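Here's data-v3.cif, which has mmCIF, C-alpha atoms:
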data_target
loop_
_atom_site.label_atom_id
_atom_site.label_comp_id
_atom_site.auth_asym_id
_atom_site.auth_seq_id
_atom_site.Cartn_x
_atom_site.Cartn_y
_atom_site.Cartn_z
CA MET A 1 -21.81 -4.23 11.31
CA THR A 2 -22.23 -6.65 14.20
CA THR A 3 -19.06 -7.48 16.03
CA LEU A 4 -18.14 -10.62 17.91
CA ALA A 5 -18.60 -8.78 21.22
CA GLU A 6 -22.17 -7.95 20.29
CA TRP A 7 -23.13 -11.44 19.27
CA ASP A 8 -24.97 -13.85 21.49
CA GLU A 9 -22.50 -16.24 23.07
CA GLU A 10 -24.59 -19.36 22.54
CA ARG A 11 -25.04 -18.47 18.88
CA LEU A 12 -21.29 -17.99 18.63
CA ARG A 13 -20.68 -21.41 20.14
CA GLN A 14 -22.96 -22.93 17.51
CA VAL A 15 -21.13 -21.20 14.69
CA LEU A 16 -17.78 -22.31 16.09
CA ARG A 17 -19.01 -25.91 16.17
CA GLY A 18 -20.26 -25.55 12.61
CA PRO A 19 -18.92 -23.48 9.73
CA GLY A 20 -16.53 -21.49 11.93
CA VAL A 21 -15.81 -17.83 12.56
CA ALA A 22 -13.91 -15.81 9.97
CA LEU A 23 -11.30 -13.39 11.30
CA ASP A 24 -9.79 -10.85 8.91
CA LEU A 25 -6.54 -9.99 10.66
CA GLY A 26 -5.38 -7.70 7.88
CA ALA A 27 -2.42 -9.37 6.21
CA VAL A 28 -3.91 -12.78 6.97
CA ARG A 29 -7.45 -14.26 7.04
CA VAL A 30 -8.17 -17.21 9.28
CA ARG A 31 -11.20 -19.33 10.03
CA VAL A 32 -11.65 -20.69 13.53
CA ARG A 33 -13.74 -23.68 14.45
CA SER A 34 -14.06 -25.12 17.92
CA ALA A 35 -15.71 -28.07 19.58
CA VAL A 36 -14.40 -26.56 22.83
CA ASP A 37 -17.33 -24.38 23.87
CA SER A 38 -15.37 -22.37 26.42
CA LEU A 39 -13.47 -20.65 23.61
CA ALA A 40 -16.50 -18.58 22.64
CA ALA A 41 -16.40 -16.39 25.74
CA ALA A 42 -12.70 -15.64 25.30
CA LEU A 43 -13.12 -14.86 21.61
CA ARG A 44 -15.90 -12.38 22.36
CA THR A 45 -13.44 -10.46 24.51
CA VAL A 46 -10.11 -10.60 22.70
CA TYR A 47 -11.53 -10.52 19.18
CA GLY A 48 -14.58 -8.54 20.24
CA ALA A 49 -14.01 -5.64 17.85
CA PHE A 50 -13.81 -7.89 14.82
CA PRO A 51 -16.90 -7.85 12.58
CA LEU A 52 -18.82 -10.99 11.89
CA GLU A 53 -18.04 -12.12 8.37
CA SER A 54 -18.96 -15.01 6.17
CA SER A 55 -16.98 -18.16 6.92
CA GLU A 56 -16.92 -19.00 3.23
CA GLY A 57 -14.10 -18.03 0.94
CA ILE A 58 -10.36 -18.36 0.91
CA PHE A 59 -8.43 -18.39 4.16
CA ASP A 60 -4.74 -18.50 4.89
CA ALA A 61 -5.50 -21.05 7.59
CA THR A 62 -8.45 -22.91 9.03
CA VAL A 63 -7.91 -24.05 12.59
CA ALA A 64 -10.05 -26.16 14.83
CA LEU A 65 -9.89 -26.84 18.54
CA ARG A 66 -11.16 -30.22 19.66
CA ARG A 67 -11.22 -32.33 22.78
CA VAL A 68 -8.87 -35.26 23.05
CA SER A 69 -10.81 -38.51 23.18
CA GLY A 70 -10.22 -41.57 25.32
CA ILE A 71 -9.09 -41.35 28.90
CA ARG A 72 -8.07 -37.74 28.42
CA ALA A 73 -11.69 -36.86 27.95
CA VAL A 74 -12.25 -37.37 31.67
CA LEU A 75 -8.88 -37.62 33.43
CA ARG A 76 -7.11 -34.27 33.31
CA PRO A 77 -8.90 -33.43 30.06
CA GLN A 78 -6.90 -32.13 27.17
CA ILE A 79 -7.56 -30.25 23.96
CA GLU A 80 -5.65 -30.05 20.70
CA ILE A 81 -5.44 -27.74 17.72
CA VAL A 82 -5.74 -28.95 14.18
CA ALA A 83 -5.02 -27.01 11.02
CA ASP A 84 -6.33 -28.25 7.70
CA GLY A 85 -6.75 -31.67 9.26
CA GLU A 86 -3.28 -31.90 10.79
CA ARG A 87 -2.56 -31.64 14.53
CA LEU A 88 -0.09 -28.88 15.19
CA PHE A 89 1.16 -29.63 18.70
CA GLU A 90 0.89 -32.14 21.49
CA PRO A 91 -2.37 -31.68 23.45
CA PHE A 92 -2.73 -28.90 26.01
CA PRO A 93 -4.75 -28.84 29.25
CA ALA A 94 -8.40 -28.19 28.48
CA ALA A 95 -8.39 -24.91 30.41
CA THR A 96 -5.92 -23.26 28.00
CA ASP A 97 -8.18 -22.88 24.96
CA LEU A 98 -7.31 -19.30 23.99
CA PRO A 99 -3.52 -19.61 24.51
CA LEU A 100 -3.56 -22.77 22.41
CA LEU A 101 -5.43 -20.98 19.64
CA GLU A 102 -3.04 -18.03 19.73
CA TRP A 103 0.10 -20.16 19.72
CA GLY A 104 -1.35 -22.27 16.93
CA LEU A 105 -2.07 -19.19 14.84
CA ASN A 106 1.46 -17.91 15.50
CA TYR A 107 2.87 -21.18 14.24
CA LEU A 108 0.73 -21.19 11.10
CA ILE A 109 1.32 -17.55 10.24
CA ALA A 110 5.07 -17.94 10.70
CA ASN A 111 5.11 -20.95 8.39
CA ARG A 112 2.67 -19.88 5.72
CA THR A 113 2.96 -16.13 5.23
CA ASN A 114 5.97 -16.17 2.94
CA HIS A 115 4.92 -13.59 0.40
CA ARG A 116 5.79 -10.96 3.03
CA LEU A 117 8.81 -10.49 5.26
CA LEU A 118 7.91 -11.49 8.82
CA LEU A 119 10.00 -9.89 11.52
CA HIS A 120 9.69 -10.97 15.11
CA ALA A 121 8.51 -7.58 16.22
CA GLY A 122 5.71 -5.47 17.53
CA ALA A 123 4.50 -2.73 15.22
CA VAL A 124 2.40 0.36 15.85
CA GLU A 125 1.47 3.46 13.91
CA HIS A 126 1.17 7.06 15.02
CA GLY A 127 0.58 10.13 12.87
CA GLY A 128 1.16 8.08 9.74
CA MET A 129 4.54 6.83 10.97
CA GLY A 130 5.19 3.12 11.32
CA ILE A 131 7.20 2.11 14.36
CA LEU A 132 8.83 -1.30 14.47
CA LEU A 133 9.77 -2.90 17.80
CA PRO A 134 11.89 -5.95 17.01
CA ALA A 135 12.95 -8.04 19.95
CA LEU A 136 13.77 -11.39 21.41
CA PRO A 137 11.41 -12.92 23.97
CA GLY A 138 11.74 -11.31 27.38
CA SER A 139 12.80 -7.95 26.05
CA GLY A 140 9.53 -6.26 26.95
CA LYS A 141 8.32 -5.99 23.36
CA SER A 142 4.71 -6.99 24.02
CA THR A 143 4.49 -4.89 27.18
CA LEU A 144 5.79 -1.86 25.33
CA THR A 145 3.51 -2.50 22.35
CA ALA A 146 0.51 -2.80 24.68
CA ALA A 147 1.47 0.33 26.58
CA LEU A 148 1.79 2.35 23.37
CA VAL A 149 -1.56 1.07 22.16
CA CYS A 150 -3.21 2.01 25.46
CA HIS A 151 -1.65 5.44 25.04
CA GLY A 152 -3.33 5.91 21.64
CA TYR A 153 -0.92 4.41 19.10
CA ARG A 154 -2.61 2.22 16.52
CA LEU A 155 -1.79 -1.45 16.79
CA LEU A 156 -0.44 -3.04 13.64
CA SER A 157 0.84 -6.23 15.20
CA ASP A 158 2.32 -7.69 18.35
CA GLU A 159 4.14 -10.84 17.32
CA PHE A 160 4.84 -10.24 13.63
CA GLY A 161 6.19 -7.11 11.99
CA VAL A 162 4.82 -7.68 8.50
CA VAL A 163 6.74 -5.94 5.72
CA ASP A 164 5.30 -5.62 2.24
CA LEU A 165 8.12 -6.67 -0.07
CA ARG A 166 6.88 -4.42 -2.88
CA ASN A 167 6.94 -1.09 -1.08
CA GLY A 168 8.38 -1.68 2.40
CA GLN A 169 5.15 -0.78 4.22
CA LEU A 170 4.35 -2.23 7.62
CA LEU A 171 1.05 -4.07 7.34
CA PRO A 172 -1.52 -4.79 10.03
CA LEU A 173 -1.74 -8.34 11.32
CA LEU A 174 -4.15 -7.78 14.15
CA ARG A 175 -4.07 -10.25 16.98
CA PRO A 176 -4.57 -9.87 20.70
CA ILE A 177 -1.37 -8.77 22.41
CA GLY A 178 -0.06 -11.60 24.56
CA LEU A 179 0.99 -10.45 28.03
CA LYS A 180 2.74 -12.49 30.66
CA ASN A 181 2.91 -12.48 34.42
CA GLY A 182 3.65 -9.01 35.87
CA SER A 183 2.92 -7.27 32.58
CA ILE A 184 -0.75 -8.15 32.88
CA ASP A 185 -1.31 -6.11 36.02
CA LEU A 186 0.96 -3.39 34.71
CA ILE A 187 -1.21 -2.88 31.62
CA ALA A 188 -4.43 -3.33 33.59
CA ASN A 189 -3.34 -0.52 35.92
CA LEU A 190 -2.13 1.64 33.04
CA ALA A 191 -5.44 1.31 31.20
CA PRO A 192 -8.27 0.10 33.47
CA ASP A 193 -10.75 0.27 30.57
CA ALA A 194 -8.64 -1.85 28.25
CA ALA A 195 -10.26 -5.07 27.00
CA LEU A 196 -8.16 -7.73 28.68
CA GLY A 197 -9.14 -11.34 28.22
CA PRO A 198 -9.16 -14.01 30.90
CA ARG A 199 -5.99 -14.99 32.72
CA PHE A 200 -4.60 -18.46 32.15
CA HIS A 201 -2.38 -19.74 34.93
CA GLY A 202 0.24 -22.43 34.87
CA THR A 203 1.06 -22.27 31.17
CA ARG A 204 4.60 -22.87 30.01
CA LYS A 205 5.00 -19.09 29.94
CA GLY A 206 3.50 -18.63 33.38
CA THR A 207 0.27 -16.64 33.63
CA VAL A 208 -0.86 -15.21 30.31
CA ALA A 209 -3.64 -12.86 29.24
CA HIS A 210 -4.44 -11.02 26.03
CA LEU A 211 -5.19 -7.39 25.24
CA ALA A 212 -7.80 -7.05 22.52
CA PRO A 213 -7.23 -4.91 19.42
CA ASN A 214 -9.57 -1.94 19.56
CA ARG A 215 -12.19 -0.92 17.02
CA ARG A 216 -10.01 1.70 15.38
CA ALA A 217 -7.24 -0.80 14.69
CA VAL A 218 -9.70 -3.36 13.35
CA ARG A 219 -11.42 -0.76 11.17
CA MET A 220 -8.05 0.17 9.66
CA ASN A 221 -6.84 -3.40 9.15
CA ARG A 222 -6.07 -2.70 5.49
CA THR A 223 -4.12 0.49 6.17
CA GLY A 224 -0.41 0.03 6.50
CA ALA A 225 2.24 2.56 7.46
CA GLN A 226 5.59 3.51 6.05
CA PRO A 227 8.20 2.63 8.68
CA ALA A 228 9.90 5.64 10.21
CA LEU A 229 11.36 4.20 13.42
CA VAL A 230 13.05 0.97 14.39
CA LEU A 231 13.34 0.70 18.17
CA PHE A 232 14.84 -2.39 19.78
CA PRO A 233 13.17 -2.56 23.22
CA GLN A 234 15.28 -3.72 26.11
CA PHE A 235 13.56 -4.04 29.45
CA GLN A 236 15.86 -3.50 32.43
CA PRO A 237 14.21 -3.34 35.88
CA GLY A 238 14.80 0.06 37.44
CA ALA A 239 16.44 1.52 34.33
CA ARG A 240 15.85 5.11 33.28
CA ALA A 241 14.14 5.16 29.87
CA ARG A 242 16.62 6.24 27.22
CA LEU A 243 17.60 5.76 23.62
CA GLU A 244 20.93 4.46 22.44
CA GLU A 245 22.26 4.50 18.91
CA ILE A 246 22.88 1.19 17.19
CA ASP A 247 25.29 0.74 14.33
CA PRO A 248 23.08 0.24 11.24
CA GLY A 249 25.13 -2.77 10.16
CA ARG A 250 24.52 -4.44 13.52
CA ALA A 251 20.86 -3.48 13.30
CA PHE A 252 20.66 -5.16 9.89
CA SER A 253 22.14 -8.28 11.40
CA LYS A 254 19.71 -8.25 14.35
CA LEU A 255 16.69 -7.74 12.10
CA SER A 256 17.64 -10.47 9.66
CA VAL A 257 18.47 -13.00 12.36
CA ASN A 258 15.24 -12.14 14.19
CA ALA A 259 13.03 -12.63 11.13
CA PHE A 260 10.93 -15.74 10.68
CA ASN A 261 11.49 -16.10 6.96
CA TYR A 262 14.50 -13.98 6.01
CA ARG A 263 16.48 -16.97 4.76
CA LEU A 264 13.52 -18.30 2.80
CA LEU A 265 12.91 -15.07 0.90
CA GLY A 266 16.51 -14.54 -0.16
CA ARG A 267 17.32 -11.33 -1.97
CA ALA A 268 13.82 -9.90 -1.52
CA ALA A 269 14.31 -10.03 2.24
CA PHE A 270 17.83 -8.59 1.97
CA ASP A 271 16.48 -5.64 -0.03
CA ALA A 272 13.59 -5.13 2.39
CA VAL A 273 15.81 -5.08 5.48
CA ALA A 274 18.31 -2.77 3.77
CA ARG A 275 15.49 -0.38 2.87
CA LEU A 276 14.23 -0.52 6.45
CA VAL A 277 17.62 0.23 7.95
CA HIS A 278 18.29 3.09 5.54
CA ALA A 279 14.86 4.65 6.11
CA CYS A 280 14.84 4.41 9.91
CA GLN A 281 17.85 5.18 12.05
CA PRO A 282 17.79 2.14 14.35
CA ARG A 283 17.97 2.72 18.09
CA ARG A 284 17.82 0.74 21.27
CA LEU A 285 15.10 1.75 23.75
CA ILE A 286 16.08 0.80 27.28
CA PHE A 287 13.34 1.11 29.85
CA GLY A 288 12.28 0.03 33.30
CA GLU A 289 8.82 1.63 33.38
CA PRO A 290 6.58 1.58 30.29
CA ILE A 291 5.22 5.04 31.12
CA GLU A 292 8.71 6.49 30.79
CA ALA A 293 9.27 4.57 27.57
CA ILE A 294 6.07 6.06 26.16
CA ARG A 295 7.33 9.55 26.96
CA VAL A 296 10.60 8.87 25.14
CA VAL A 297 8.80 7.48 22.11
CA ASP A 298 6.38 10.42 22.09
CA GLU A 299 9.29 12.87 22.08
CA LEU A 300 11.03 11.01 19.30
CA VAL A 301 7.89 10.86 17.18
CA ALA A 302 7.27 14.58 17.70
CA SER A 303 10.84 15.35 16.72
CA LEU A 304 10.56 13.31 13.54
CA GLN A 305 7.23 14.86 12.62
CA SER A 306 8.71 18.31 13.12
CA SER A 307 11.63 17.36 10.90
CA LEU A 308 9.24 16.07 8.26
CA GLN A 309 7.31 19.33 8.26
CA ARG A 310 10.47 21.40 7.94
CA THR A 311 12.45 19.38 5.45
CA GLY A 312 10.08 16.85 3.91
CA THR A 313 12.15 13.97 5.25
CA TYR A 314 12.75 12.28 8.59
CA MET B 163 61.00 -9.76 1.55
CA PRO B 164 58.45 -6.90 1.52
CA PRO B 165 57.91 -5.67 5.09
CA SER B 166 54.13 -5.96 4.69
CA TRP B 167 54.45 -9.75 4.60
CA GLY B 168 55.66 -9.71 8.18
CA GLY B 169 58.54 -11.97 7.40
CA CYS B 170 56.34 -14.68 5.83
CA ALA B 171 56.75 -16.11 2.32
CA ARG B 172 54.11 -15.28 -0.29
CA PRO B 173 51.96 -18.41 -0.80
CA ALA B 174 52.58 -20.03 -4.16
CA ARG B 175 48.96 -19.80 -5.24
CA PHE B 176 49.16 -16.01 -5.05
CA GLU B 177 51.58 -15.48 -7.90
CA PRO B 178 51.92 -11.86 -9.09
CA ALA B 179 50.00 -12.59 -12.30
CA VAL B 180 46.92 -13.75 -10.44
CA ARG B 181 44.14 -11.22 -10.09
CA PHE B 182 41.07 -11.58 -7.95
CA ALA B 183 37.58 -10.54 -8.97
CA LEU B 184 34.10 -10.72 -7.58
CA THR B 185 31.98 -13.66 -8.62
CA PRO B 186 28.39 -13.22 -9.76
CA ALA B 187 27.42 -14.36 -6.25
CA ALA B 188 28.69 -11.04 -4.88
CA SER B 189 26.68 -8.76 -7.15
CA ARG B 190 24.40 -7.44 -4.42
CA PHE B 191 25.81 -5.45 -1.53
CA GLU B 192 24.90 -2.42 0.58
CA SER B 193 26.92 -0.01 2.63
CA VAL B 194 25.14 0.14 5.96
CA GLY B 195 26.77 2.27 8.61
CA GLU B 196 30.37 1.17 9.04
CA HIS B 197 29.79 -2.18 7.40
CA LEU B 198 29.28 -3.66 4.00
CA ILE B 199 26.44 -6.16 3.87
CA VAL B 200 26.72 -8.67 1.05
CA PHE B 201 23.96 -10.93 -0.20
CA ASN B 202 25.40 -14.14 -1.62
CA GLU B 203 23.28 -14.87 -4.69
CA VAL B 204 24.35 -18.52 -4.74
CA SER B 205 24.13 -19.58 -1.09
CA TRP B 206 21.55 -16.94 -0.08
CA ASP B 207 23.72 -16.21 2.94
CA THR B 208 24.13 -12.64 4.13
CA HIS B 209 27.60 -11.52 5.15
CA LEU B 210 28.55 -8.59 7.35
CA LEU B 211 32.00 -7.30 6.37
CA ASN B 212 34.16 -5.00 8.47
CA ASP B 213 35.79 -1.91 6.97
CA ALA B 214 38.98 -3.67 5.87
CA MET B 215 37.16 -6.51 4.11
CA ALA B 216 34.70 -4.02 2.69
CA ALA B 217 37.49 -1.95 1.20
CA LEU B 218 38.92 -5.02 -0.51
CA LEU B 219 35.58 -6.15 -1.87
CA LEU B 220 34.64 -2.70 -3.13
CA SER B 221 38.00 -2.42 -4.83
CA MET B 222 37.52 -5.77 -6.56
CA SER B 223 34.02 -4.70 -7.61
CA GLU B 224 35.62 -1.95 -9.68
CA SER B 225 38.10 -4.24 -11.38
CA PRO B 226 40.15 -7.40 -10.69
CA ARG B 227 43.09 -6.80 -8.35
CA THR B 228 46.37 -8.56 -7.71
CA LEU B 229 47.38 -9.48 -4.23
CA ASP B 230 49.96 -6.72 -4.21
CA GLU B 231 47.28 -4.17 -5.10
CA LEU B 232 45.05 -5.47 -2.32
CA THR B 233 47.95 -5.36 0.11
CA ALA B 234 48.66 -1.76 -0.81
CA LEU B 235 45.01 -0.90 -0.22
CA LEU B 236 45.07 -2.55 3.20
CA GLU B 237 48.19 -0.63 4.13
CA GLU B 238 46.09 2.52 3.75
CA VAL B 239 43.17 1.15 5.73
CA LEU B 240 44.90 -0.58 8.62
CA VAL B 241 46.17 1.18 11.72
CA ASP B 242 49.93 1.59 12.19
CA ALA B 243 50.33 -1.43 14.45
CA GLU B 244 48.66 -3.74 11.96
CA ARG B 245 50.22 -2.34 8.80
CA PRO B 246 53.29 -4.67 8.80
CA ARG B 247 50.94 -7.63 8.41
CA ALA B 248 48.91 -6.16 5.55
CA GLY B 249 50.13 -8.84 3.14
CA ALA B 250 49.15 -11.68 5.43
CA TYR B 251 45.78 -10.03 6.08
CA ALA B 252 45.21 -9.69 2.36
CA VAL B 253 45.87 -13.40 1.91
CA GLU B 254 43.50 -14.30 4.76
CA ALA B 255 40.82 -11.98 3.43
CA VAL B 256 41.00 -13.33 -0.09
CA GLU B 257 40.93 -16.92 1.18
CA GLN B 258 37.85 -16.15 3.30
CA LEU B 259 36.07 -14.42 0.45
CA ARG B 260 36.94 -17.29 -1.87
CA SER B 261 35.62 -19.84 0.60
CA LEU B 262 32.34 -17.91 0.69
CA GLY B 263 32.15 -17.97 -3.09
CA LEU B 264 32.34 -14.20 -3.38
CA VAL B 265 35.76 -13.93 -5.02
CA GLU B 266 37.59 -15.98 -7.60
CA ALA B 267 41.03 -15.93 -9.15
CA GLU B 268 41.63 -15.09 -12.76
CA VAL B 269 45.03 -15.63 -14.31
CA THR B 270 46.49 -12.95 -16.54
CA GLU B 271 49.78 -12.65 -18.42
CA ALA B 272 52.65 -11.64 -16.15
CA ARG B 273 53.83 -8.11 -16.91
#

What is this file in C-alpha cells?
Amino acid sequence: MTTLAEWDEERLRQVLRGPGVALDLGAVRVRVRSAVDSLAAALRTVYGAFPLESSEGIFDATVALRRVSGIRAVLRPQIEIVADGERLFEPFPAATDLPLLEWGLNYLIANRTNHRLLLHAGAVEHGGMGILLPALPGSGKSTLTAALVCHGYRLLSDEFGVVDLRNGQLLPLLRPIGLKNGSIDLIANLAPDAALGPRFHGTRKGTVAHLAPNRRAVRMNRTGAQPALVLFPQFQPGARARLEEIDPGRAFSKLSVNAFNYRLLGRAAFDAVARLVHACQPRRLIFGEPIEAIRVVDELVASLQSSLQRTGTY
Amino acid sequence: MPPSWGGCARPARFEPAVRFALTPAASRFESVGEHLIVFNEVSWDTHLLNDAMAALLLSMSESPRTLDELTALLEEVLVDAERPRAGAYAVEAVEQLRSLGLVEAEVTEAR
C-alpha cells in the first residue's frame, strides 16, 4: 500500500486542498485538509509511514489549516486551524504549520476521546508488555519515549496514554513524537537514521521538531498491549539513571490528576486507574542521560519477562 | 472524662446512641498500598485516605459504629503520643467524612 512518504508531493498538496488526507492513528481517525501548501512536505516526513486511505467515512475530527485573510495575508502572515468549521486557537505565524496541526490535534483528541481514559503519558510496548510513562511537561517524557522507540520499543503514543476502559489495554494513538530544544539533537545523535521532521524555531515552546512513527508501529496500530509497567520519568541533569519505588496510593493520585478526562469518566476511570496501579508496581525513573535510562528499562523489562516465564505473573 | 478525649467535652451531636454508617456514596473503595482510595458516587470526587481514616471507614463499612467504638479503634491505630487525643481525632474524622458525604449518622435506641 502506498504511504504518504511515497506519494508525489504536488499530488499530496492537491488532496490536502480538496477532500483531505485520512490518518488512522489507531484509537482515533482524523482527516486533515490544508490550504497551506507547505504542510505537505512536513506531513510526508512525520506521517510518512501512514498508508494513503480514502478520505471518506467517519472521522473523530476533521481539521483544516488555512491562511488568515486581510492584512495578515501579507504582513507577518498567519495561519489558523479550524475543526468542523470552528477555529480552535488564535492564529499562528505562517511558518509553524506542522506544530499548529499537532497542537490542534492534541486539543481535539483531549476533548473528544471520552470513551477511553486518556492519561497524559507516553506509552510504548516491548515483548508484549505495555509500558506507561506518565509525566508533567518538562519531565523528559517525550525524550524518553523517543529514545526507547529508537532503541526498538514499539511506539503506542507520545502525548496520550490511551486506556481501554473495558479491558485495561493500552491502545495505540500514533502521532509524531514532539521534541523540544536540546532533545532534538540528542535524539538525532542517538539515532541518525530516525525520521525527524523539520525544525520550527521561535515557537512558544522554543525550537520543536517531530520524530515520525515507524512502519512497524503504523502497521500495528490496532494492536494494544496489556500494561505491565508504570514509570514516572523525571529528568535531572547529571543524574545517574535509577528507579525509585512510589507508594501505590500516591501513584494513583498522580495518574488521576494527570489524566485529561478522569473526572469526566467517573467510576469507569477510577476502576481503570485502580486496575493499572494493581497490575503494575509504579516506579519513578530518574535519569540524566536517555541511554542510561534505556539500560535501566531494558533490565526491568527482562526481569519482568523472566518472572512471567517462571511464575506466569509479573 | 475519658482520657482519650484529651480533656475536651464530647460534642452534643455525638451522643452515645448515635451510630455512623457509610452512605451509598462510599460504596466503591480500593486498598492501594498504604492508602484507601474512595470513589464518591455522588460527587464523583476521589479521596485518598490515610491509614487512620481508612481504618474508620473500613470499620463502618462492616456495620454502623458509635463514636466510642471508633475512638477505641483509633486508640489501636494511633501511635502512643497521639493516643490521648483519639476521641478528638474520631470526631474530626467523622465530621470530615460527613462533609464529604461518605458517612451519615443514624440514631438508635440508647442501651

For range 189-206 of chain A, work out the shell of residues within 10 Å, counting only C-alpha atoms and skipping chain neighbours fewer than 6 positions away, then give it as a ChimeraX atom specification. /A:41-49,92-93,95-100,146-147,149-151,176-183,212-214,290-291

Pull the neighbourhood of (26.1, -11.2, -2.0) for me: all residues within 6 Å in file coordinates, counting only C-alpha atoms, as a PDB file with C-alpha atoms, in the coordinates of the input.
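Heads up, here's the output in out_25.pdb:
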ATOM      1  CA  ALA B 187      27.420 -14.360  -6.250  1.00  0.00           C
ATOM      2  CA  ALA B 188      28.690 -11.040  -4.880  1.00  0.00           C
ATOM      3  CA  SER B 189      26.680  -8.760  -7.150  1.00  0.00           C
ATOM      4  CA  ARG B 190      24.400  -7.440  -4.420  1.00  0.00           C
ATOM      5  CA  PHE B 191      25.810  -5.450  -1.530  1.00  0.00           C
ATOM      6  CA  VAL B 200      26.720  -8.670   1.050  1.00  0.00           C
ATOM      7  CA  PHE B 201      23.960 -10.930  -0.200  1.00  0.00           C
ATOM      8  CA  ASN B 202      25.400 -14.140  -1.620  1.00  0.00           C
ATOM      9  CA  GLU B 203      23.280 -14.870  -4.690  1.00  0.00           C
TER      10      GLU B 203
END

Selection result for the PyMOL selection byres ((chain A) within 12 of (chain B)) on this file, as an mmCIF file with C-alpha atoms, in the frame of the given file:
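Wrote expr-v1.cif, looks like this:
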data_model
loop_
_atom_site.group_PDB
_atom_site.id
_atom_site.type_symbol
_atom_site.label_atom_id
_atom_site.label_comp_id
_atom_site.auth_asym_id
_atom_site.auth_seq_id
_atom_site.Cartn_x
_atom_site.Cartn_y
_atom_site.Cartn_z
ATOM 1 C CA GLU A 245 22.260 4.500 18.910
ATOM 2 C CA ILE A 246 22.880 1.190 17.190
ATOM 3 C CA ASP A 247 25.290 0.740 14.330
ATOM 4 C CA PRO A 248 23.080 0.240 11.240
ATOM 5 C CA GLY A 249 25.130 -2.770 10.160
ATOM 6 C CA ARG A 250 24.520 -4.440 13.520
ATOM 7 C CA ALA A 251 20.860 -3.480 13.300
ATOM 8 C CA PHE A 252 20.660 -5.160 9.890
ATOM 9 C CA SER A 253 22.140 -8.280 11.400
ATOM 10 C CA LYS A 254 19.710 -8.250 14.350
ATOM 11 C CA LEU A 255 16.690 -7.740 12.100
ATOM 12 C CA SER A 256 17.640 -10.470 9.660
ATOM 13 C CA VAL A 257 18.470 -13.000 12.360
ATOM 14 C CA TYR A 262 14.500 -13.980 6.010
ATOM 15 C CA ARG A 263 16.480 -16.970 4.760
ATOM 16 C CA LEU A 264 13.520 -18.300 2.800
ATOM 17 C CA LEU A 265 12.910 -15.070 0.900
ATOM 18 C CA GLY A 266 16.510 -14.540 -0.160
ATOM 19 C CA ARG A 267 17.320 -11.330 -1.970
ATOM 20 C CA ALA A 268 13.820 -9.900 -1.520
ATOM 21 C CA ALA A 269 14.310 -10.030 2.240
ATOM 22 C CA PHE A 270 17.830 -8.590 1.970
ATOM 23 C CA ASP A 271 16.480 -5.640 -0.030
ATOM 24 C CA ALA A 272 13.590 -5.130 2.390
ATOM 25 C CA VAL A 273 15.810 -5.080 5.480
ATOM 26 C CA ALA A 274 18.310 -2.770 3.770
ATOM 27 C CA ARG A 275 15.490 -0.380 2.870
ATOM 28 C CA LEU A 276 14.230 -0.520 6.450
ATOM 29 C CA VAL A 277 17.620 0.230 7.950
ATOM 30 C CA HIS A 278 18.290 3.090 5.540
ATOM 31 C CA ALA A 279 14.860 4.650 6.110
ATOM 32 C CA CYS A 280 14.840 4.410 9.910
ATOM 33 C CA GLN A 281 17.850 5.180 12.050
ATOM 34 C CA PRO A 282 17.790 2.140 14.350
#

Given only C-alpha atoms as the basis, pick out the residue of A:Ile286, A:Leu174, A:Val301, A:Val28 nearest to Leu156 in chain A. A:Leu174

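Using all atoms listed in the file, the shortest contact distance between Gln78 in chain A and any of A:Val36, A:Ala5, A:Ile58, A:Arg295 is found at A:Val36.
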
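Reported to one decimal place, the separation of CA of Glu53 in chain A from CA of Val21 in chain A is 7.4 Å.
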
Rounded to one decimal in Å, what is the spacing between CA of Asp24 in chain A and CA of Phe50 in chain A? 7.7 Å

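Residues of protein, DNA or RNA having at least one counted atom within 10 Å of (37.7, -6.2, -2.8), given all atoms listed in the file, are Phe182, Ala183, Leu184, Ala214, Met215, Ala216, Ala217, Leu218, Leu219, Leu220, Ser221, Met222, Ser223, Glu224, Ser225, Pro226, Arg227, Leu232, Leu235, Ala252, Ala255, Val256, Leu259, Leu264 and Val265 of chain B.
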
Mind giving me the straight-line distance from CA of Asn221 in chain A to CA of Glu299 in chain A in Å, one decimal? 26.3 Å

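The residues returned by the PyMOL selection byres ((chain A and resi 37) around 12) on the shown structure are Glu9, Glu10, Arg11, Leu12, Arg13, Gln14, Val15, Leu16, Arg17, Gly18, Arg33, Ser34, Ala35, Val36, Ser38, Leu39, Ala40, Ala41, Ala42, Leu43, Ala64, Leu65, Arg66, Arg67, Ile79, Ala94, Ala95, Asp97 and Leu98 of chain A.
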
Just say which residues the PyMOL selection byres ((chain B and resi 181) around 9) picks in this file, as an MDAnalysis selection string. chainID B and resid 176:180 182:183 226:229 266:270

Gly122 in chain A: which residues within 8 Å, counting only C-alpha atoms, same-chain residues fewer than 5 positions away excluded, as a list of chain:residue names? A:Leu132, A:Leu133, A:Pro134, A:Lys141, A:Ser142, A:Thr145, A:Leu156, A:Ser157, A:Asp158, A:Glu159, A:Phe160, A:Gly161

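Shortest atom-to-atom contact with Pro233 in chain A among A:Thr207, A:Thr3, A:Asn114, A:Ser139: A:Ser139, counting all atoms listed in the file.
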
Leu118 in chain A surroundings by all atoms listed in the file, 8 Å radius, close-in-sequence under 5 positions cut, as a PyMOL selection string: chain A and resi 110+113+160-163+259-262

With C-alpha atoms retained, write the just-selected residues as a short mmCIF file (atom, residue, chain, number, x, y, z; two decimals), keeping the file's coordinate frame.
data_model
loop_
_atom_site.label_atom_id
_atom_site.label_comp_id
_atom_site.auth_asym_id
_atom_site.auth_seq_id
_atom_site.Cartn_x
_atom_site.Cartn_y
_atom_site.Cartn_z
CA ALA A 110 5.07 -17.94 10.70
CA THR A 113 2.96 -16.13 5.23
CA PHE A 160 4.84 -10.24 13.63
CA GLY A 161 6.19 -7.11 11.99
CA VAL A 162 4.82 -7.68 8.50
CA VAL A 163 6.74 -5.94 5.72
CA ALA A 259 13.03 -12.63 11.13
CA PHE A 260 10.93 -15.74 10.68
CA ASN A 261 11.49 -16.10 6.96
CA TYR A 262 14.50 -13.98 6.01
#
